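So this block is protein-v6.cif, mmCIF, C-alpha atoms and all ligand atoms:
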```cif
data_work
#
loop_
_atom_site.label_atom_id
_atom_site.label_comp_id
_atom_site.auth_asym_id
_atom_site.auth_seq_id
_atom_site.Cartn_x
_atom_site.Cartn_y
_atom_site.Cartn_z
CA MET V 1 -4.07 -1.36 101.91
CA THR V 2 -3.75 2.36 102.62
CA VAL V 3 -6.67 4.71 102.10
CA VAL V 4 -5.89 8.39 101.46
CA HIS V 5 -8.51 11.16 101.47
CA ILE V 6 -7.64 14.40 99.70
CA ARG V 7 -10.28 16.88 100.88
CA ASN V 8 -11.39 20.47 100.24
CA VAL V 9 -9.57 20.46 96.93
CA ASP V 10 -10.48 21.86 93.52
CA ILE V 11 -10.50 18.77 91.29
CA VAL V 12 -9.76 19.10 87.57
CA THR V 13 -10.87 15.63 86.56
CA LEU V 14 -10.15 15.77 82.79
CA ASP V 15 -12.94 13.20 82.41
CA ALA V 16 -14.84 13.09 79.11
CA ALA V 17 -17.08 15.99 80.15
CA GLY V 18 -14.22 18.06 81.59
CA THR V 19 -15.82 18.08 85.05
CA ILE V 20 -14.36 20.37 87.69
CA VAL V 21 -15.33 19.71 91.31
CA PRO V 22 -14.68 22.74 93.55
CA GLY V 23 -13.80 21.92 97.17
CA GLY V 24 -14.31 18.20 96.62
CA THR V 25 -12.82 14.95 97.88
CA VAL V 26 -10.85 12.22 96.19
CA VAL V 27 -10.42 8.89 97.95
CA VAL V 28 -7.49 6.72 96.93
CA ARG V 29 -7.55 3.06 97.88
CA ASP V 30 -5.12 0.38 96.82
CA GLY V 31 -3.53 2.60 94.15
CA GLN V 32 -6.87 3.44 92.58
CA ILE V 33 -9.34 6.27 92.77
CA ALA V 34 -12.30 4.98 94.80
CA TYR V 35 -14.35 8.18 95.10
CA VAL V 36 -14.50 11.58 93.40
CA GLY V 37 -17.12 14.11 94.38
CA PRO V 38 -18.20 17.13 96.34
CA GLY V 39 -17.97 17.12 100.11
CA HIS V 40 -17.11 13.86 101.88
CA PRO V 41 -18.09 10.35 100.84
CA ASP V 42 -20.73 8.70 103.03
CA MET V 43 -18.62 6.38 105.16
CA SER V 44 -21.66 4.41 106.30
CA LEU V 45 -22.04 3.30 102.69
CA ALA V 46 -18.33 2.69 102.14
CA PRO V 47 -16.74 1.65 105.44
CA ASP V 48 -13.75 0.24 103.54
CA GLN V 49 -12.91 3.80 102.48
CA ALA V 50 -12.18 5.06 106.02
CA ALA V 51 -9.07 7.24 105.86
CA ASP V 52 -5.62 6.17 107.01
CA GLU V 53 -4.35 9.57 105.89
CA VAL V 54 -6.23 12.83 105.32
CA VAL V 55 -4.72 15.56 103.17
CA ASP V 56 -6.22 19.04 103.35
CA GLY V 57 -6.20 20.31 99.77
CA ARG V 58 -7.33 23.86 100.51
CA GLY V 59 -5.60 26.35 98.21
CA ARG V 60 -4.60 23.54 95.83
CA ALA V 61 -5.83 22.10 92.56
CA LEU V 62 -5.78 18.33 92.10
CA LEU V 63 -5.21 17.06 88.60
CA PRO V 64 -3.93 13.97 86.83
CA GLY V 65 -0.12 13.91 86.64
CA PHE V 66 1.71 14.68 83.41
CA PHE V 67 3.07 12.05 81.02
CA ASN V 68 6.22 13.10 79.18
CA GLY V 69 5.57 11.69 75.70
CA HIS V 70 9.17 11.72 74.44
CA CYS V 71 12.46 12.24 76.22
CA HIS V 72 16.02 11.04 76.61
CA SER V 73 16.20 11.36 80.38
CA PRO V 74 19.93 10.60 80.86
CA MET V 75 20.75 13.53 78.57
CA THR V 76 20.48 15.73 81.64
CA PHE V 77 24.26 15.18 81.53
CA GLU V 78 24.48 17.27 78.33
CA ARG V 79 22.24 20.08 79.56
CA GLY V 80 23.80 23.36 78.46
CA TRP V 81 26.75 21.63 76.79
CA ALA V 82 25.76 22.02 73.11
CA GLU V 83 24.34 25.48 72.72
CA ASP V 84 23.51 27.64 69.71
CA LEU V 85 24.12 24.93 67.08
CA PRO V 86 22.04 23.67 64.15
CA PHE V 87 20.60 20.16 64.45
CA ASP V 88 23.26 18.34 62.34
CA ARG V 89 26.21 19.90 64.19
CA TRP V 90 24.47 19.48 67.55
CA LEU V 91 24.13 15.75 66.80
CA ASN V 92 27.42 15.02 65.02
CA GLU V 93 29.84 17.23 66.92
CA LYS V 94 28.35 17.06 70.39
CA MET V 95 25.79 14.32 71.19
CA TRP V 96 27.41 11.51 69.25
CA VAL V 97 30.82 12.44 70.65
CA ALA V 98 29.64 12.54 74.27
CA GLU V 99 27.96 9.17 73.81
CA SER V 100 31.30 7.59 72.87
CA ALA V 101 32.23 7.98 76.56
CA LEU V 102 28.84 7.08 78.04
CA THR V 103 28.85 4.37 80.74
CA PRO V 104 25.90 2.54 82.27
CA ASP V 105 26.57 4.43 85.52
CA ASP V 106 26.32 7.76 83.67
CA VAL V 107 22.95 6.70 82.29
CA GLU V 108 21.73 5.74 85.73
CA TRP V 109 22.78 8.98 87.44
CA GLY V 110 21.55 11.07 84.50
CA ALA V 111 18.16 9.39 84.72
CA ARG V 112 18.09 9.89 88.51
CA LEU V 113 18.70 13.61 88.05
CA ALA V 114 15.91 13.66 85.45
CA ALA V 115 13.57 11.78 87.79
CA CYS V 116 14.09 14.39 90.55
CA GLU V 117 13.30 17.18 88.09
CA MET V 118 10.32 15.41 86.54
CA ILE V 119 8.68 14.55 89.87
CA ARG V 120 9.20 18.13 91.06
CA GLY V 121 7.35 19.34 87.94
CA GLY V 122 4.40 16.94 88.30
CA ILE V 123 5.47 14.33 85.72
CA VAL V 124 4.28 10.88 86.79
CA GLY V 125 5.39 8.90 83.72
CA PHE V 126 8.03 9.28 81.01
CA ASN V 127 8.57 7.79 77.58
CA ASP V 128 12.32 7.31 77.41
CA HIS V 129 14.46 6.60 74.35
CA TYR V 130 18.11 6.06 75.16
CA PHE V 131 20.78 3.48 76.01
CA HIS V 132 21.32 1.09 78.93
CA MET V 133 17.60 1.01 79.66
CA ASP V 134 18.16 -1.66 82.31
CA ARG V 135 19.65 1.17 84.36
CA VAL V 136 16.75 3.54 83.66
CA ALA V 137 14.36 0.76 84.66
CA ALA V 138 16.21 0.61 87.98
CA VAL V 139 15.65 4.35 88.41
CA ALA V 140 11.96 4.00 87.55
CA ARG V 141 11.67 1.25 90.18
CA GLU V 142 13.49 3.30 92.79
CA SER V 143 11.67 6.58 92.09
CA GLY V 144 8.19 5.07 91.85
CA MET V 145 7.50 6.74 88.49
CA ARG V 146 5.83 5.09 85.53
CA ALA V 147 8.02 4.60 82.48
CA ALA V 148 7.91 3.25 78.95
CA LEU V 149 11.48 2.43 78.01
CA ALA V 150 12.96 2.06 74.53
CA TRP V 151 16.58 0.92 74.32
CA CYS V 152 17.87 2.90 71.34
CA VAL V 153 19.46 0.79 68.58
CA PHE V 154 20.90 1.86 65.22
CA GLY V 155 21.32 -1.42 63.29
CA ILE V 156 24.46 -0.20 61.50
CA GLY V 157 27.08 -2.41 63.15
CA ALA V 158 28.22 -3.16 66.69
CA GLN V 159 30.80 -0.33 66.71
CA SER V 160 28.00 2.23 66.43
CA GLU V 161 25.80 0.83 69.19
CA VAL V 162 25.86 1.86 72.83
CA GLY V 163 25.11 -1.34 74.71
CA PRO V 164 24.47 -4.87 73.56
CA GLY V 165 22.77 -4.16 70.21
CA PHE V 166 19.31 -5.30 69.17
CA GLU V 167 19.51 -8.95 70.27
CA GLY V 168 20.82 -7.87 73.67
CA THR V 169 17.97 -5.44 74.14
CA LEU V 170 15.52 -8.24 73.35
CA GLU V 171 16.95 -10.29 76.22
CA TRP V 172 16.42 -7.34 78.53
CA ILE V 173 12.82 -6.93 77.35
CA ALA V 174 12.14 -10.66 77.85
CA ALA V 175 13.55 -10.49 81.40
CA LEU V 176 11.40 -7.45 82.21
CA ASN V 177 8.31 -9.20 80.89
CA GLU V 178 9.18 -12.30 82.91
CA HIS V 179 9.09 -10.21 86.08
CA GLY V 180 5.62 -9.01 85.08
CA GLU V 181 6.74 -5.38 85.02
CA SER V 182 5.25 -4.72 81.60
CA GLN V 183 1.84 -5.24 83.22
CA GLY V 184 2.62 -2.62 85.85
CA ARG V 185 4.55 0.63 86.17
CA ILE V 186 7.40 -0.11 83.76
CA ARG V 187 6.94 -1.09 80.11
CA ALA V 188 9.60 -1.96 77.56
CA VAL V 189 9.15 -1.15 73.87
CA LEU V 190 11.45 -1.43 70.86
CA GLY V 191 13.58 1.63 70.13
CA PRO V 192 15.06 1.81 66.62
CA HIS V 193 16.57 5.29 66.33
CA SER V 194 14.99 6.46 63.08
CA PRO V 195 14.55 5.63 59.40
CA TYR V 196 17.28 8.17 58.56
CA VAL V 197 19.91 6.17 60.49
CA CYS V 198 18.59 2.58 60.56
CA PRO V 199 18.77 0.49 57.35
CA PRO V 200 15.43 -0.84 56.01
CA GLU V 201 16.32 -4.50 56.55
CA PHE V 202 16.99 -3.76 60.23
CA LEU V 203 13.72 -1.86 60.62
CA ARG V 204 11.87 -4.77 58.98
CA ARG V 205 13.38 -7.12 61.57
CA VAL V 206 12.30 -4.75 64.39
CA ALA V 207 8.74 -4.74 63.00
CA GLU V 208 8.73 -8.55 62.79
CA VAL V 209 9.84 -8.87 66.40
CA ALA V 210 7.20 -6.33 67.52
CA HIS V 211 4.49 -8.36 65.81
CA GLU V 212 5.81 -11.73 67.05
CA ARG V 213 6.07 -10.60 70.67
CA GLY V 214 3.23 -8.07 70.88
CA LEU V 215 5.57 -5.15 71.58
CA GLY V 216 5.35 -1.40 70.99
CA VAL V 217 7.78 0.79 69.03
CA HIS V 218 9.12 4.28 69.73
CA LEU V 219 11.25 6.05 67.09
CA HIS V 220 12.08 9.42 65.49
CA VAL V 221 10.46 10.08 62.09
CA ALA V 222 10.36 12.96 59.58
CA GLU V 223 12.05 15.71 61.54
CA SER V 224 12.79 17.87 58.49
CA GLU V 225 12.17 18.33 54.77
CA GLU V 226 15.81 17.31 54.21
CA GLN V 227 15.05 13.92 55.77
CA VAL V 228 12.04 13.58 53.47
CA ALA V 229 14.20 14.33 50.41
CA GLN V 230 16.81 11.83 51.61
CA SER V 231 14.16 9.15 52.14
CA LEU V 232 12.68 9.70 48.68
CA ALA V 233 16.15 9.44 47.13
CA ARG V 234 17.16 6.31 49.05
CA HIS V 235 13.91 4.39 49.43
CA GLY V 236 11.53 5.97 46.91
CA ARG V 237 9.14 6.79 49.74
CA ARG V 238 8.58 9.55 52.26
CA PRO V 239 9.67 8.59 55.83
CA VAL V 240 6.15 7.87 57.13
CA GLN V 241 5.27 5.73 54.09
CA HIS V 242 8.65 3.99 54.41
CA VAL V 243 8.24 2.96 58.05
CA ASP V 244 4.61 2.02 57.39
CA ALA V 245 5.60 -0.27 54.50
CA LEU V 246 8.13 -1.93 56.83
CA GLY V 247 5.34 -2.67 59.36
CA LEU V 248 6.42 -0.41 62.23
CA LEU V 249 3.39 1.85 62.52
CA ASP V 250 0.92 -0.87 63.43
CA ALA V 251 3.08 -2.49 66.10
CA PRO V 252 0.68 -4.36 68.40
CA GLY V 253 1.97 -2.63 71.54
CA GLY V 254 1.41 0.79 69.95
CA CYS V 255 3.70 3.13 68.05
CA VAL V 256 5.04 6.51 69.19
CA VAL V 257 6.57 8.71 66.51
CA ALA V 258 8.72 11.49 67.91
CA HIS V 259 8.33 14.81 66.14
CA GLY V 260 6.87 14.08 62.67
CA LEU V 261 7.47 17.66 61.58
CA ALA V 262 7.58 17.21 57.80
CA LEU V 263 4.30 15.52 56.92
CA ASP V 264 2.07 15.81 53.89
CA ALA V 265 -1.66 15.01 53.83
CA ASP V 266 -1.04 11.33 52.96
CA ASP V 267 1.45 10.94 55.83
CA THR V 268 -1.05 12.49 58.22
CA ALA V 269 -3.81 10.16 57.02
CA VAL V 270 -1.57 7.11 57.51
CA LEU V 271 -0.66 8.19 61.07
CA ALA V 272 -4.36 8.70 61.89
CA THR V 273 -5.42 5.36 60.36
CA ARG V 274 -2.71 3.41 62.17
CA GLY V 275 -3.51 5.03 65.53
CA VAL V 276 0.07 6.29 65.86
CA HIS V 277 0.86 8.63 68.75
CA VAL V 278 2.89 11.66 67.67
CA ALA V 279 5.00 13.25 70.40
CA HIS V 280 5.28 17.00 69.94
CA CYS V 281 8.31 18.70 71.52
CA PRO V 282 8.12 22.37 70.49
CA ILE V 283 10.89 23.71 72.71
CA THR V 284 13.51 21.57 70.96
CA TYR V 285 12.22 22.68 67.56
CA MET V 286 12.44 26.32 68.47
CA LYS V 287 15.81 26.05 70.19
CA LEU V 288 17.42 24.19 67.28
CA ALA V 289 15.56 26.42 64.78
CA MET V 290 13.81 23.47 63.12
CA PRO V 291 10.82 24.59 61.03
CA PHE V 292 7.57 23.00 62.17
CA PRO V 293 3.97 23.35 61.05
CA PRO V 294 1.04 23.92 63.42
CA LEU V 295 -0.66 20.84 64.85
CA ALA V 296 -3.99 21.81 63.29
CA ALA V 297 -3.86 19.51 60.25
CA ARG V 298 -2.84 16.52 62.41
CA LEU V 299 -5.47 17.17 65.05
CA ASP V 300 -8.19 17.78 62.47
CA ALA V 301 -7.26 14.48 60.77
CA GLY V 302 -7.56 12.63 64.09
CA VAL V 303 -3.88 11.94 64.77
CA ARG V 304 -3.22 11.28 68.46
CA VAL V 305 -0.89 14.00 69.71
CA CYS V 306 0.91 13.98 73.05
CA LEU V 307 3.53 16.37 74.39
CA GLY V 308 7.17 15.75 75.25
CA THR V 309 10.11 17.64 76.66
CA ASP V 310 12.64 15.83 74.44
CA GLY V 311 16.12 15.52 75.96
CA PRO V 312 17.54 18.24 78.22
CA ALA V 313 20.42 18.66 75.74
CA SER V 314 18.01 20.39 73.40
CA ASN V 315 15.22 21.77 75.61
CA SER V 316 16.98 22.37 78.23
CA ASP V 317 14.62 21.27 80.99
CA LEU V 318 11.98 18.62 81.72
CA ASP V 319 9.10 20.98 82.41
CA MET V 320 5.72 19.93 81.02
CA PHE V 321 4.07 23.21 82.05
CA ALA V 322 6.56 24.99 79.78
CA VAL V 323 6.00 22.49 76.94
CA MET V 324 2.23 22.81 77.26
CA ARG V 325 2.35 26.59 77.20
CA GLN V 326 4.78 26.78 74.26
CA THR V 327 2.58 24.34 72.35
CA VAL V 328 -0.52 26.46 72.84
CA LEU V 329 1.19 29.76 72.11
CA MET V 330 2.86 28.50 68.91
CA GLU V 331 -0.37 26.90 67.72
CA LYS V 332 -2.42 30.06 68.18
CA TYR V 333 0.33 32.15 66.64
CA GLN V 334 1.04 29.94 63.62
CA THR V 335 -2.63 29.44 62.74
CA ARG V 336 -3.46 33.09 63.53
CA ASP V 337 -6.43 31.59 65.40
CA PRO V 338 -6.67 32.28 69.15
CA ALA V 339 -9.38 29.61 69.45
CA ARG V 340 -6.93 26.77 68.67
CA LEU V 341 -6.14 24.37 71.56
CA ALA V 342 -8.80 26.04 73.66
CA GLY V 343 -9.92 25.22 77.20
CA ASP V 344 -8.50 22.09 78.82
CA MET V 345 -7.22 20.60 75.53
CA PRO V 346 -3.54 21.37 76.36
CA LEU V 347 -3.93 19.67 79.77
CA ARG V 348 -5.46 16.63 78.04
CA MET V 349 -2.52 16.41 75.64
CA ALA V 350 -0.07 16.56 78.54
CA THR V 351 -1.90 13.98 80.67
CA ARG V 352 -4.44 11.62 79.04
CA ASN V 353 -2.91 11.58 75.57
CA GLY V 354 0.54 10.98 77.01
CA ALA V 355 -0.71 8.18 79.27
CA ALA V 356 -2.29 6.50 76.23
CA ALA V 357 0.92 6.89 74.20
CA LEU V 358 2.92 5.19 76.97
CA GLY V 359 0.33 2.41 77.22
CA PHE V 360 -0.96 3.32 80.71
CA LEU V 361 -4.60 3.21 79.80
CA ARG V 362 -5.97 3.62 83.35
CA SER V 363 -4.05 6.86 83.91
CA GLY V 364 -4.69 10.43 82.78
CA SER V 365 -8.00 11.32 84.41
CA ILE V 366 -9.53 11.51 87.88
CA GLU V 367 -12.42 9.05 87.80
CA VAL V 368 -13.48 6.11 89.94
CA GLY V 369 -11.41 3.10 88.91
CA ALA V 370 -8.58 5.17 87.38
CA ALA V 371 -5.00 4.78 88.61
CA ALA V 372 -4.13 7.23 91.39
CA ASP V 373 -1.50 9.20 89.44
CA LEU V 374 -2.21 12.65 90.84
CA ILE V 375 -0.60 16.01 91.44
CA LEU V 376 -1.47 18.92 93.72
CA VAL V 377 -0.76 22.41 92.40
CA ASN V 378 -0.47 25.46 94.65
CA LEU V 379 -3.04 28.15 93.89
CA ASP V 380 -1.88 30.49 96.67
CA ALA V 381 0.56 32.39 94.50
CA PRO V 382 0.34 35.83 92.87
CA HIS V 383 0.46 34.43 89.33
CA MET V 384 -2.49 32.11 90.08
CA ARG V 385 -4.88 34.90 91.20
CA PRO V 386 -7.60 35.91 90.57
CA ARG V 387 -9.55 32.74 89.85
CA HIS V 388 -11.73 33.67 86.88
CA ASP V 389 -10.81 30.45 85.12
CA LEU V 390 -8.87 27.70 86.91
CA VAL V 391 -8.04 25.80 83.72
CA ALA V 392 -6.72 28.93 81.99
CA ASN V 393 -4.53 29.66 85.01
CA LEU V 394 -3.17 26.10 84.97
CA VAL V 395 -2.41 26.21 81.22
CA HIS V 396 -1.05 29.73 80.94
CA ALA V 397 0.23 30.79 84.34
CA ALA V 398 1.19 27.75 86.43
CA LYS V 399 4.83 26.67 86.68
CA ALA V 400 6.57 23.41 87.52
CA ALA V 401 7.56 24.82 90.90
CA ASP V 402 3.87 25.21 91.80
CA VAL V 403 3.52 21.43 92.09
CA THR V 404 3.54 20.60 95.79
CA ASP V 405 2.68 16.88 95.92
CA VAL V 406 2.90 13.95 93.51
CA MET V 407 1.33 10.51 93.82
CA VAL V 408 1.81 7.53 91.50
CA ASP V 409 -0.16 4.33 91.92
CA GLY V 410 -1.39 5.61 95.29
CA ARG V 411 2.14 6.18 96.63
CA TRP V 412 3.55 9.62 97.43
CA LEU V 413 6.66 10.52 95.42
CA MET V 414 6.68 14.11 96.68
CA ARG V 415 5.01 15.62 99.76
CA GLY V 416 5.12 19.36 100.42
CA ARG V 417 7.94 19.82 97.82
CA THR V 418 10.12 17.16 99.48
CA LEU V 419 10.98 14.10 97.39
CA CYS V 420 9.99 10.90 99.15
CA THR V 421 11.77 8.23 97.12
CA LEU V 422 15.03 9.78 95.88
CA ASP V 423 18.07 11.15 97.73
CA GLU V 424 18.16 14.48 95.91
CA GLU V 425 21.24 15.94 97.59
CA ARG V 426 23.38 12.94 96.69
CA ILE V 427 21.95 12.84 93.15
CA LEU V 428 22.83 16.50 92.47
CA TYR V 429 26.37 15.89 93.68
CA GLU V 430 26.96 12.66 91.72
CA ALA V 431 25.29 13.89 88.53
CA GLU V 432 27.30 17.11 88.42
CA ARG V 433 30.61 15.36 88.97
CA ARG V 434 29.94 12.53 86.51
CA ALA V 435 28.50 14.77 83.77
CA LEU V 436 31.58 17.00 83.72
CA ASP V 437 33.79 13.92 83.58
CA MET V 438 31.78 12.27 80.79
CA VAL V 439 31.93 15.14 78.31
CA ARG V 440 35.69 15.42 78.99
CA ARG V 441 36.15 11.74 78.04
CA GLY V 442 34.13 11.91 74.79
CA GLN V 443 36.67 11.52 71.98
CA HIS V 444 35.26 10.30 68.72
CA GLN V 445 32.04 10.61 66.75
CA LEU V 446 30.19 7.31 66.98
CA ARG V 447 27.93 7.87 63.99
CA THR V 448 27.34 10.45 61.28
CA TYR V 449 24.13 12.25 60.48
CA ARG V 450 23.80 13.39 56.86
CA SER V 451 20.64 14.80 55.45
ZN ZN L 501 14.32 12.56 70.56
#
```

Just dump the structure as structure tokens.
Ligand SMILES: [Zn+2]
Amino acid sequence: MTVVHIRNVDIVTLDAAGTIVPGGTVVVRDGQIAYVGPGHPDMSLAPDQAADEVVDGRGRALLPGFFNGHCHSPMTFERGWAEDLPFDRWLNEKMWVAESALTPDDVEWGARLAACEMIRGGIVGFNDHYFHMDRVAAVARESGMRAALAWCVFGIGAQSEVGPGFEGTLEWIAALNEHGESQGRIRAVLGPHSPYVCPPEFLRRVAEVAHERGLGVHLHVAESEEQVAQSLARHGRRPVQHVDALGLLDAPGGCVVAHGLALDADDTAVLATRGVHVAHCPITYMKLAMPFPPLAARLDAGVRVCLGTDGPASNSDLDMFAVMRQTVLMEKYQTRDPARLAGDMPLRMATRNGAAALGFLRSGSIEVGAAADLILVNLDAPHMRPRHDLVANLVHAAKAADVTDVMVDGRWLMRGRTLCTLDEERILYEAERRALDMVRRGQHQLRTYRS
């Protein structure tokens, strides 16, 4: 049992009251936060908190780590490979061609590259939706990150799947649960692609399995008005109503809807009532020129909103500071209301709300008893001075490269900008080589998107 003291640090707790402790101490014991407060804890009262390691946090802010609410981490391999295209051509002509050549090794190295980038930017947990999730689970184990993993399935025939299909993914989930990992850092959820690709009978089966086995669901829903029109024509219901009628939104392990850009008031009410988490990924929407409304109506209705990078093929990075800032700027701009997403709300969306969406309910704040998923951010930089408002500087001025140290579950994943768990030099070499080779091999379009 290692005890770490982080001292003389400005603590942004993101607790219910939004407490900030200037020059305080956090004690981490056994992966949990054992003390938060000003000065030093009284060791005579808590002899079991004597430090094995003391970190001087002067010139740093300590905050809960980020949770990436929606991504496709192995798509680092397609970063910069499908530029300046509309969504349908980006998907049909590029993504679904590259994936025809995808191997489990590609997934693993792509996820490793993503893990390096995410840790460097203060992300402690990611909500992944892609193929060969057994390999991404291996990367989560190796890196020490938290992860909620959805093995993407289409339900339109074996020739369109990447991997073993739905039944095969269920075996993987059962094996992961058997090892007890779903109680710890790695969770598995069901990953149907979307109601615009998956047939209703397949989605109904996914919902049944979720309810039988107590699992969560993570899928894409209502990304455009065209998808709404298609859903009305095919199923007589809007996408949200359609997946709700099939039983997906009240999956017992929680439901994460990626995007949800084309929602009416009824859709919004359903998402709020069902406690669905909506992952908002504004950089993808802007880059692919996808119209999207402000978050105001969803937030006012009580929908749980978290933030995601989406895949690096459409973002093109895994930077939650950038996502947070773009979210705030677009929201203020679209609503013409500079008071929208005020104060520490953006930080809460990127940390607490994301942790809840991924099912890590003890993460996302700095409080006694919470999981020690923490990041230190450098304040000794020109863009972080002066210090009128620490939270405003963190939301509007801080950058991923300002993160100096990252801890998950009480274990250091980065110390002084050096990764502790991953061999970064080897990963950059392997990922570069394999990514170039993969897109060369991609020959045919696995599936077709039609709106
Ligand atoms: Zn996505």

message = Taking all atoms listed in the file and a cut-off of 10 Å, can you tell me which residues surround ligand ZN 501 (chain L), written as an NGL selection string?
response = :V and (70-72 or 128-130 or 193-194 or 218-221 or 223 or 257-259 or 279 or 281 or 284 or 308-311 or 314)

query = If you count only C-alpha atoms, which residues fall within 8 Å of Ile366 of chain V, apart from same-chain ones fewer than 5 positions away, as JSON, numbers by chain?
reply = {"V": [12, 13, 14, 15, 33, 36, 63, 64, 372, 374]}

query = Which residue gives the smallest distance to Val9 of chain V among V:Gly110, V:Asn378, V:Met384, V:Met349, with all atoms listed in the file counted?
reply =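 Ranked by minimum distance to Val9 of chain V, first place goes to V:Asn378.
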
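Among V:His277, V:His383, V:Arg185, V:Arg146, the residue with the shortest atom-to-atom distance to Ile119 of chain V, counting only C-alpha atoms, is V:Arg146.
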
Write out, as CSV, each residue of segment 163-268 of chain V that has an atom at most 8 Å from segment 147-156 of chain V, together with the closest pair of atoms and their distance in Å to one decimal, counting all atoms listed in the file, rows going by chain and rising number.
```
residue,atom,partner,partner_atom,distance
V:Gly165,CA,V:Val153,CA,6.2
V:Phe166,CA,V:Val153,CA,6.1
V:Thr169,CA,V:Trp151,CA,6.5
V:Arg185,CA,V:Ala147,CA,6.4
V:Ile186,CA,V:Ala147,CA,4.9
V:Arg187,CA,V:Ala148,CA,4.6
V:Ala188,CA,V:Leu149,CA,4.8
V:Val189,CA,V:Ala150,CA,5.0
V:Leu190,CA,V:Ala150,CA,5.3
V:Gly191,CA,V:Ala150,CA,4.5
V:Pro192,CA,V:Val153,CA,4.9
V:His193,CA,V:Phe154,CA,5.6
V:Ser194,CA,V:Phe154,CA,7.8
V:Val197,CA,V:Phe154,CA,6.5
V:Cys198,CA,V:Phe154,CA,5.3
V:Pro199,CA,V:Gly155,CA,6.7
V:Phe202,CA,V:Gly155,CA,5.8
V:Val217,CA,V:Ala150,CA,7.7
V:His218,CA,V:Ala150,CA,6.5
```

ask   = Mind pulling up the distance from atom CA of His132 of chain V to atom CA of Val107 of chain V?
value =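 So the answer is 6.7 Å.
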
note = Val97 of chain V proximity check over V:Gln326, V:Asn177, V:Thr273, V:Ser160, using all atoms listed in the file: winner is V:Ser160
